[in-house]
Protein chains: 4
Amino acid sequence: MKAVELSAKWDPKPNFKLGSKDIDGKLTYLGSQVWRDPKVRIVDKEKPKIQSNEVLIKVKRCGICGSDVHMNQTYDDGYIYYPGLTAFPVTLGHEFAGEIAEVGAYAINKRTGKRYEIGEPVTVEEMVWCGECKPCCDGYPNHCERLQEIGFSIDGAFAEYIAVPSRLCWSLKKLQDRYDDIYKIGSLIEPTSVAYNAVIERGGGIRPGENVIILGAGPIGLAATKILKTAGAAVCIVSEPEEYRAKLAQKMGADYVINPVKEDFVDKVKEYTDSEGAALYLEATGLPQVVTPNIQNTIWECKAVNSTVVIVARAEQNMPVCGEYFQVRRARIVGAQGHSGHGTFPNVISSMAAGMDMTPLITKEISLERVPEYLNILQKDKENCKISVKF
Amino acid sequence: MKAVELSAKWDPKPNFKLGSKDIDGKLTYLGSQVWRDPKVRIVDKEKPKIQSNEVLIKVKRCGICGSDVHMNQTYDDGYIYYPGLTAFPVTLGHEFAGEIAEVGAYAINKRTGKRYEIGEPVTVEEMVWCGECKPCCDGYPNHCERLQEIGFSIDGAFAEYIAVPSRLCWSLKKLQDRYDDIYKIGSLIEPTSVAYNAVIERGGGIRPGENVIILGAGPIGLAATKILKTAGAAVCIVSEPEEYRAKLAQKMGADYVINPVKEDFVDKVKEYTDSEGAALYLEATGLPQVVTPNIQNTIWECKAVNSTVVIVARAEQNMPVCGEYFQVRRARIVGAQGHSGHGTFPNVISSMAAGMDMTPLITKEISLERVPEYLNILQKDKENCKISVKF
Amino acid sequence: MKAVELSAKWDPKPNFKLGSKDIDGKLTYLGSQVWRDPKVRIVDKEKPKIQSNEVLIKVKRCGICGSDVHMNQTYDDGYIYYPGLTAFPVTLGHEFAGEIAEVGAYAINKRTGKRYEIGEPVTVEEMVWCGECKPCCDGYPNHCERLQEIGFSIDGAFAEYIAVPSRLCWSLKKLQDRYDDIYKIGSLIEPTSVAYNAVIERGGGIRPGENVIILGAGPIGLAATKILKTAGAAVCIVSEPEEYRAKLAQKMGADYVINPVKEDFVDKVKEYTDSEGAALYLEATGLPQVVTPNIQNTIWECKAVNSTVVIVARAEQNMPVCGEYFQVRRARIVGAQGHSGHGTFPNVISSMAAGMDMTPLITKEISLERVPEYLNILQKDKENCKISVKF
Amino acid sequence: MKAVELSAKWDPKPNFKLGSKDIDGKLTYLGSQVWRDPKVRIVDKEKPKIQSNEVLIKVKRCGICGSDVHMNQTYDDGYIYYPGLTAFPVTLGHEFAGEIAEVGAYAINKRTGKRYEIGEPVTVEEMVWCGECKPCCDGYPNHCERLQEIGFSIDGAFAEYIAVPSRLCWSLKKLQDRYDDIYKIGSLIEPTSVAYNAVIERGGGIRPGENVIILGAGPIGLAATKILKTAGAAVCIVSEPEEYRAKLAQKMGADYVINPVKEDFVDKVKEYTDSEGAALYLEATGLPQVVTPNIQNTIWECKAVNSTVVIVARAEQNMPVCGEYFQVRRARIVGAQGHSGHGTFPNVISSMAAGMDMTPLITKEISLERVPEYLNILQKDKENCKISVKF
């Protein structure tokens with residue numbers, strides 16, 4: 001079968017020390033410190049064989065994620081952008097949906113409590129949490145100590161078939177009544193679940209009638225916009241300098257978009273909320289030194305108490321946090337990562353079944369063969385949000 | 001000024017003992033044990049004078065509540081239906097909106113943090129919580145130990161003017177952009193807040209994508225339907241035998257209506273939810289012995305864990321609760337009363353400003369003079385939901 | 001190796017229908033409907049072999065649980081008392097501690113994140129949750145849809161060795177500094193975790209300075225007493241008619257014990273709490289029709305709002321719940337079962353390491369050979385709390 | 001009557017602008033920008049007269065707080081240290097207990113629900129929350145928009161008598177059984193409530209068996225130490241460089257004290273907790289740039305997920321927060337201020353009644369006349385924790 005494979009050269013930087021879970025020459029938790037000269041090619045691989053707790057999925061759709069781009073994008077010294085868990089060569093692709101093609105003897109469908117059926121449409125968590133470490137046993141699979149990641153450290157879904165443990169799969173049957181192409185929206189469940197985990201599970205959600213502010217209209221910020229309007233946000237403000245993204249934010253339900261480069265962020269929030277501010281702020285830009293002052297000054301100058309700031313974007317910079325603002329306004333900051341556990345995937349699917357349509361996020365559909373080309377184009381393209389591969 | 005006054009005869013039943021907070025001949029916490037032969041008349045009263053912490057409101061709208069009907073409705077022995085806090089004679093009316101006409105020296109507008117402005121449109125909490133007892137100081141005004149109630153134990157809003165403490169008032173300014181008649185929807189904020197307190201504050205709300213079941217399509221059940229759809233309920237099922245109410249439930253957002261007299265409740269829920277059941281059940285019928293088995297069997301036979309059953313309707317009957325069902329399904333039961341505190345009124349107003357339109361609940365508009373007539377008609381009428389008096 | 005085995009005759013009652021997960025002649029979820037003429041014997045079994053994700057434990061201690069007694073106790077018609085999941089013949093015993101004797105290739109120690117070490121002292125969850133069904137994946141292993149139970153449906157720990165999945169094991173190393181016999185207290189972690197899950201996880205715990213009331217001084221009630229005093233309960237009241245148990249309750253930290261047969265429950269609570277009542281009530285008697293009125297009347301007559309009633313004891317009777325009391329006092333009822341997940345086992349172990357000594361619950365120590373004898377004695381004995389088998 | 005009065009000169013710094021709630025020449029929210037040349041004297045004042053909702057308290061004890069010292073301490077330019085709400089001249093003193101001497105007609109005792117009794121022993125919240133603004137009405141009196149503060153902007157308790165609204169008073173009757181001098185411990189309830197609000201209300205408390213780390217062994221850090229041990233903390237670590245304070249921390253229940261100047265903070269925490277880390281960190285030093293890296297590195301290097309960092313100390317410096325650490329470890333930061341609402345005062349009193357003895361915090365007892373002298377001494381003294389004035 002055809003697959004999009006990324007390979008790179010294991011060449012650790014001088015100061016790099018092999019971590020306790022790293023495997024020399026093969027796997028590291030700090031990709032950008034180790035891998036250089038990435039290459040992406042269409043290769044021919046064998047159809048995977050399944051274990052007794054696994055299913056084989058015939059892939060129907062798979063989206064391109066920013067991290068796919070960053071694994072293939074390099075700094076001047078040739079090292080890759082992507083800083084996280086990686087084991088190359090690997091088949092890329094982790095935002096996918098497909099149908100069950102083969103079923104292991106003990107592969108359970110959570111929808112029925114019984115063995116999976118051939119043909120069941122499913123999507124899959126990208127995080128292969130172990131289910132045996134302490135965080136997993138305590139109910140926090142997003143913080144698994146022995147994580148593998150589909151499309152990063154094990155083979156992903158830019159391929160005709162993929163084998164995955166059945167416990168990571170979620171049925172798409174509910175989507176059949178509303179959507180013609182359940183695999184198209186199905187491939188958006190993974191990124192939507194990252195946003196849902198951030199604002200609903202970690203951020204604690206909102207009460208209907210509360211205001212929210214989303215900083216950054218990338219796929220996660222845009223998905224969060226739609227989720228929070230679905231949850232009853234009264235005024236939803238998105239902060240985004242790119243015009244194309246601003247329009248997409250309005251399509252996803254934003255009541256107002258601020259251009260933080262041209263407009264005064266605090267003033268605009270005060271104007272749009274009658275100086276009330278917001279119950280929830282989502283930092284989805286990755287630029288904490290830029291946005292933290294905006295967030296904090298808004299908390300300080302507006303009246304709302306109990307605001308929650310959710311940090312979902314990764315960043316190496318520190319946030320300059322003024323504790324007093326969080327004391328006076330009874331506010332808090334929470335970190336968010338992952339999409340697994342807590343009923344997140346099934347709640348996202350149910351929400352979509354009830355009308356939370358995320359498909360406007362997909363701005364282009366391509367074939368598998370063009371993935372290598374688009375991984376390069378997307379290093380600069382600002383006109384696309386989510387590109388989706390149709391099989 | 002004209003006012004709708006209810007008077008009755010203080011004639012305690014033989015076994016009645018004056019409670020510690022009752023006032024002989026004037027006020028009781030157990031109305032139906034004491035008052036008989038109620039009479040409702042249009043009377044002429046003096047315009048009320050305000051204290052320094054009060055405002056005078058020119059009433060623009062006031063809805064008729066079921067309890068208004070029950071204060072005027074009697075058993076065969078002449079005693080009134082309404083079992084709660086009452087002090088007659090009293091001007092009825094507690095679901096109202098109006099505009100500020102006079103302002104006490106220390107009457108603060110929570111919207112601005114400054115003294116109230118003449119002409120500000122407002123609605124008012126019905127519960128005059130004291131702010132000094134332990135529950136009030138701990139943040140639970142719905143459980144005030146020294147409660148007075150507007151339109152029950154102190155004069156209400158079926159009158160041209162009413163004087164109330166400013167701390168009970170909430171501005172309607174936010175509603176001006178969306179609604180032509182802000183007083184019409186403003187008069188629905190009090191009952192909507194009872195439903196919001198039940199399902200959001202006490203029930204803990206839902207996560208987008210979860211299912212809900214509302215038992216009883218009276219005003220509270222119908223308001224809860226709309227609130228929970230606003231909060232992202234995937235499947236919202238209402239149980240209601242009256243056809244007229246069933247249609248109204250669909251208008252307010254119900255995805256399905258079950259007629260529990262003609263249909264098998266558990267089977268229908270399983271059909272509509274793919275046997276998942278619901279995250280939240282609202283008991284809004286007042287018939288616990290009828291609906292508790294339906295709720296419990298659904299919890300038992302469906303797959304959802306963590307269901308919450310909120311009891312908002314008052315009833316003298318016990319609920320026959322099978323603890324094991326709540327153990328096996330990790331479920332819980334909570335009691336709900338009141339509408340004050342917890343940001344409920346302002347969140348309801350913001351939700352309405354953002355499009356949560358409750359006005360379909362109003363099925364008839366009348367003048368003040370016709371209130372006595374309609375208090376009688378409503379003892380039997382099943383074709384009306386909320387009747388609203390327009391001044 | 002020697003083991004205490006219970007066998008019985010599969011003889012379903014006339015109306016019994018095989019459930020969807022029952023296995024004819026072997027396993028049922030409704031033990032008392034199927035099994036008759038139980039026999040308990042010391043047998044010789046082969047030492048179990050482990051799978052790659054399992055460890056072999058050399059058992060050092062195992063307590064006798066009430067359910068062990070009830071599997072061996074019969075009604076007049078010969079059917080066993082125990083109503084739950086059972087597959088006979090089975091080696092009994094599920095409250096145990098021991099040391100690691102063999103380690104599967106993928107058997108992870110949650111303390112270290114690495115493979116288990118020979119000799120590590122451990123205790124084990126009794127519930128073999130699958131980790132693959134929806135409740136397990138959502139973080140609720142106590143509500144696993146495919147549960148097996150050690151000592152009920154698979155072989156238990158009244159044997160020299162037992163093989164269990166490593167994900168169920170928890171290290172006892174922390175207990176070494178404080179306790180001479182870590183296996184003695186280690187065998188109490190399972191029942192203590194049932195109580196901890198009930199009052200801390202499901203009941204939400206308490207704030208230091210709040211009052212609690214425990215109904216029933218069996219092992220779960222007594223463990224809850226100690227846990228809640230550890231959590232800062234100001235006044236802890238235990239209700240228990242048996243004098244011997246009452247004394248044990250005081251040993252475990254109860255400030256007062258009420259004899260509900262001789263004393264007026266509500267009056268005594270009012271006296272002991274200055275009419276404040278309690279934040280948390282634990283129903284641990286299994287007699288809901290007796291204790292529900294006591295609990296409810298106390299909630300009603302005392303001043304506390306926000307009380308939580310936790311139902312941990314199993315019962316077939318309904319609770320006659322008066323919804324109005326839960327409305328007026330802002331109270332709630334939650335069902336509790338199980339001990340897995342949510343960090344419960346490790347928190348219980350840490351608490352014990354810090355001084356929460358449960359060993360007074362053990363009132364007798366016996367050898368494995370005497371288990372059959374004591375399973376009979378305990379059908380009537382009221383002078384013992386927990387009997388512990390020392391290997 | 002005698003009173004300790006602080007006066008100062010209103011002389012705003014050049015850039016100071018009068019705030020919207022400031023009163024020219026009298027009151028400001030930014031004390032250190034306005035007041036210079038403070039003087040503290042014993043003066044003779046008239047016994048205060050009470051309003052109908054007030055009580056007169058005969059003061060029995062009043063502690064000296066750090067802020068009392070800072071109102072009297074100046075920078076080189078003569079401006080006072082204390083940066084907050086102040087209106088001079090004012091009688092100092094806000095950590096006090098006394099007995100009711102006179103009672104207004106509507107002054108309610110929250111213990112009984114009735115009018116206060118002469119002689120009732122009480123303590124008093126320092127924060128005079130208005131009960132009428134939005135945060136107050138929503139249940140957040142610590143964030144009152146119209147706050148006055150006893151001993152800062154209105155007359156305090158370094159005086160024979162003080163008049164206060166009854167809603168701020170809490171009975172000390174519960175303390176009579178355990179403590180000989182209920183006013184001594186009673187004067188510690190206010191600062192203990194600040195700590196309780198921080199770790200229990202804002203921090204969410206802990207589950208028994210979890211670890212905690214307190215940074216800074218001032219009165220708030222020490223009170224938090226005792227509170228968290230009372231709540232079941234397994235390992236409680238205090239970080240404090242001053243030897244005298246370190247000893248006091250151990251007296252209050254700390255299991256370990258780290259000297260962060262001499263020892264490696266992260267290493268020591270790993271040693272004391274078997275690399276588990278802590279569920280709750282309390283920043284009580286006011287040195288965020290020093291302690292934030294310690295806290296964050298501990299979160300990062302230890303295994304615990306779900307840690308909460310509570311910021312209770314005021315500081316002008318920013319915290320350099322690394323968002324990724326909070327993402328990877330599922331951690332959060334909350335700001336804490338105040339002591340009112342949420343049942344905090346009554347829970348602190350109940351805890352003390354049950355044995356949470358805070359009196360070791362008091363290291364010296366003096367007479368009223370010596371307050372001015374000790375306000376100076378305490379600018380440098382490191383050998384005293386809490387100095388208590390006995391009347």
# chains A, B, ... in the order shown; residues from 1 in each chain; ligands from 1
call {"tool": "select_by_dssp", "arguments": {"residues": "range 22-248 of chain A", "states": "helix (DSSP H, G or I)", "output": "ChimeraX atom specification"}}
result
/A:31-33,66-72,134-138,141-143,166-168,173-175,182-186,189-202,219-230,243-248
call {"tool": "interface_residues", "arguments": {"of": "chain B", "to": "chain D", "cutoff": "9 Å", "atoms": "only C-alpha atoms", "output": "JSON, numbers by chain"}}
result
{"B": [107, 108, 109, 110, 111, 113, 131, 132, 133, 134, 135, 136, 137, 138, 139, 140, 141, 145, 146, 166, 167, 168, 340, 341, 342, 343, 344]}
call {"tool": "residues_around", "arguments": {"residues": "Asn384 in chain A", "least_positions_apart": "4", "cutoff": "10 Å", "atoms": "only C-alpha atoms", "output": "list in words"}}
result
Tyr244, Arg245, Leu361, Ile362, Thr363, Lys364 and Leu378 of chain A
call {"tool": "write_last_selection", "arguments": {"atoms": "N, CA, C and O atoms", "output": "short mmCIF file (atom, residue, chain, number, x, y, z; two decimals), in the first residue's frame"}}
result
data_model
loop_
_atom_site.label_atom_id
_atom_site.label_comp_id
_atom_site.auth_asym_id
_atom_site.auth_seq_id
_atom_site.Cartn_x
_atom_site.Cartn_y
_atom_site.Cartn_z
N TYR A 244 -7.61 36.68 6.56
CA TYR A 244 -8.27 35.46 6.11
C TYR A 244 -8.77 34.64 7.30
O TYR A 244 -9.89 34.12 7.30
N ARG A 245 -7.93 34.55 8.32
CA ARG A 245 -8.34 33.82 9.51
C ARG A 245 -9.47 34.54 10.26
O ARG A 245 -10.35 33.91 10.83
N LEU A 361 -13.66 24.54 8.45
CA LEU A 361 -12.22 24.58 8.71
C LEU A 361 -11.43 23.98 7.53
O LEU A 361 -10.26 24.32 7.33
N ILE A 362 -12.04 23.06 6.83
CA ILE A 362 -11.35 22.43 5.70
C ILE A 362 -11.46 23.35 4.49
O ILE A 362 -12.54 23.58 3.96
N THR A 363 -10.31 23.84 4.06
CA THR A 363 -10.33 24.82 2.97
C THR A 363 -9.80 24.23 1.67
O THR A 363 -9.83 24.89 0.64
N LYS A 364 -9.32 23.01 1.72
CA LYS A 364 -8.83 22.38 0.49
C LYS A 364 -8.83 20.87 0.68
O LYS A 364 -8.53 20.38 1.76
N LEU A 378 2.69 24.57 2.76
CA LEU A 378 2.10 25.07 4.02
C LEU A 378 3.12 25.75 4.93
O LEU A 378 2.75 26.36 5.93
#
call {"tool": "select_by_dssp", "arguments": {"residues": "range 8-208 of chain A", "states": "strand (DSSP E)", "output": "PyMOL selection string"}}
result
chain A and resi 8-10+27-28+35-44+54-63+86-87+90-91+95-103+108-109+114-115+121-124+127-128+148-149+161-165+169-171
call {"tool": "atom_distance", "arguments": {"atom1": "CA of Gly151 in chain C", "atom2": "CA of Val164 in chain C"}}
result
11.5 Å
call {"tool": "closest_residue", "arguments": {"among": "B:Glu190, B:Glu263, B:Asp381, B:Asp37", "to": "Gln73 in chain B", "atoms": "only C-alpha atoms"}}
result
B:Asp37
call {"tool": "residues_around", "arguments": {"residues": "range 302-304 of chain D", "least_positions_apart": "2", "cutoff": "8 Å", "atoms": "only C-alpha atoms", "output": "PyMOL selection string"}}
result
chain D and resi 270+275-279+298-300+306-307+329
call {"tool": "write_last_selection", "arguments": {"atoms": "N, CA, C and O atoms", "output": "PDB file, in the first residue's frame"}}
result
ATOM      1  N   LYS D 270      12.209  16.252  45.974  1.00  0.00           N
ATOM      2  CA  LYS D 270      12.238  14.900  45.415  1.00  0.00           C
ATOM      3  C   LYS D 270      12.601  13.875  46.491  1.00  0.00           C
ATOM      4  O   LYS D 270      12.012  12.789  46.557  1.00  0.00           O
ATOM      5  N   SER D 275      10.013  11.722  44.830  1.00  0.00           N
ATOM      6  CA  SER D 275       9.839  12.318  43.489  1.00  0.00           C
ATOM      7  C   SER D 275       8.390  12.470  43.061  1.00  0.00           C
ATOM      8  O   SER D 275       8.103  12.627  41.881  1.00  0.00           O
ATOM      9  N   GLU D 276       7.491  12.431  44.023  1.00  0.00           N
ATOM     10  CA  GLU D 276       6.081  12.620  43.654  1.00  0.00           C
ATOM     11  C   GLU D 276       5.705  14.088  43.510  1.00  0.00           C
ATOM     12  O   GLU D 276       4.799  14.430  42.760  1.00  0.00           O
ATOM     13  N   GLY D 277       6.365  14.964  44.268  1.00  0.00           N
ATOM     14  CA  GLY D 277       5.964  16.361  44.248  1.00  0.00           C
ATOM     15  C   GLY D 277       4.752  16.604  45.126  1.00  0.00           C
ATOM     16  O   GLY D 277       4.543  15.863  46.103  1.00  0.00           O
ATOM     17  N   ALA D 278       3.952  17.590  44.784  1.00  0.00           N
ATOM     18  CA  ALA D 278       2.864  18.001  45.669  1.00  0.00           C
ATOM     19  C   ALA D 278       1.614  18.335  44.889  1.00  0.00           C
ATOM     20  O   ALA D 278       1.666  18.687  43.708  1.00  0.00           O
ATOM     21  N   ALA D 279       0.478  18.209  45.579  1.00  0.00           N
ATOM     22  CA  ALA D 279      -0.808  18.581  44.981  1.00  0.00           C
ATOM     23  C   ALA D 279      -1.034  20.077  45.066  1.00  0.00           C
ATOM     24  O   ALA D 279      -1.731  20.654  44.241  1.00  0.00           O
ATOM     25  N   THR D 298      10.076  22.002  40.246  1.00  0.00           N
ATOM     26  CA  THR D 298       9.598  20.866  41.025  1.00  0.00           C
ATOM     27  C   THR D 298       8.420  20.196  40.318  1.00  0.00           C
ATOM     28  O   THR D 298       8.358  18.963  40.213  1.00  0.00           O
ATOM     29  N   ILE D 299       7.493  21.008  39.837  1.00  0.00           N
ATOM     30  CA  ILE D 299       6.360  20.451  39.087  1.00  0.00           C
ATOM     31  C   ILE D 299       6.872  19.645  37.898  1.00  0.00           C
ATOM     32  O   ILE D 299       6.392  18.548  37.612  1.00  0.00           O
ATOM     33  N   TRP D 300       7.858  20.186  37.223  1.00  0.00           N
ATOM     34  CA  TRP D 300       8.384  19.561  36.013  1.00  0.00           C
ATOM     35  C   TRP D 300       9.119  18.258  36.310  1.00  0.00           C
ATOM     36  O   TRP D 300       8.934  17.256  35.628  1.00  0.00           O
ATOM     37  N   ASN D 306      -1.839  17.543  38.065  1.00  0.00           N
ATOM     38  CA  ASN D 306      -2.937  18.280  38.733  1.00  0.00           C
ATOM     39  C   ASN D 306      -2.496  19.164  39.888  1.00  0.00           C
ATOM     40  O   ASN D 306      -3.318  19.496  40.745  1.00  0.00           O
ATOM     41  N   SER D 307      -1.247  19.582  39.931  1.00  0.00           N
ATOM     42  CA  SER D 307      -0.826  20.480  41.004  1.00  0.00           C
ATOM     43  C   SER D 307      -1.490  21.855  40.868  1.00  0.00           C
ATOM     44  O   SER D 307      -1.694  22.353  39.767  1.00  0.00           O
ATOM     45  N   ARG D 329       2.097  18.870  33.013  1.00  0.00           N
ATOM     46  CA  ARG D 329       1.737  18.319  34.330  1.00  0.00           C
ATOM     47  C   ARG D 329       0.305  18.644  34.740  1.00  0.00           C
ATOM     48  O   ARG D 329      -0.084  18.439  35.884  1.00  0.00           O
TER      49      ARG D 329
END
call {"tool": "closest_residue", "arguments": {"among": "C:Ile213, C:Ala159, C:Leu228, C:Cys322", "to": "Gly286 in chain B", "atoms": "only C-alpha atoms"}}
result
C:Cys322
call {"tool": "residues_around", "arguments": {"residues": "Val212 in chain A", "least_positions_apart": "2", "cutoff": "7 Å", "atoms": "only C-alpha atoms", "output": "list in words"}}
result
Glu210, Ile214, Ala233, Val235, Cys236, Ile237, Ala278, Ala279, Leu280 and Tyr281 of chain A
call {"tool": "closest_residue", "arguments": {"among": "A:Tyr81, A:Tyr272, A:Phe265, A:Phe88", "to": "Lys174 in chain B", "atoms": "only C-alpha atoms"}}
result
A:Tyr272
call {"tool": "atom_distance", "arguments": {"atom1": "CA of Thr86 in chain D", "atom2": "CA of Trp35 in chain D"}}
result
8.9 Å
call {"tool": "atom_distance", "arguments": {"atom1": "CA of Asn142 in chain A", "atom2": "CA of Gly335 in chain A"}}
result
11.9 Å
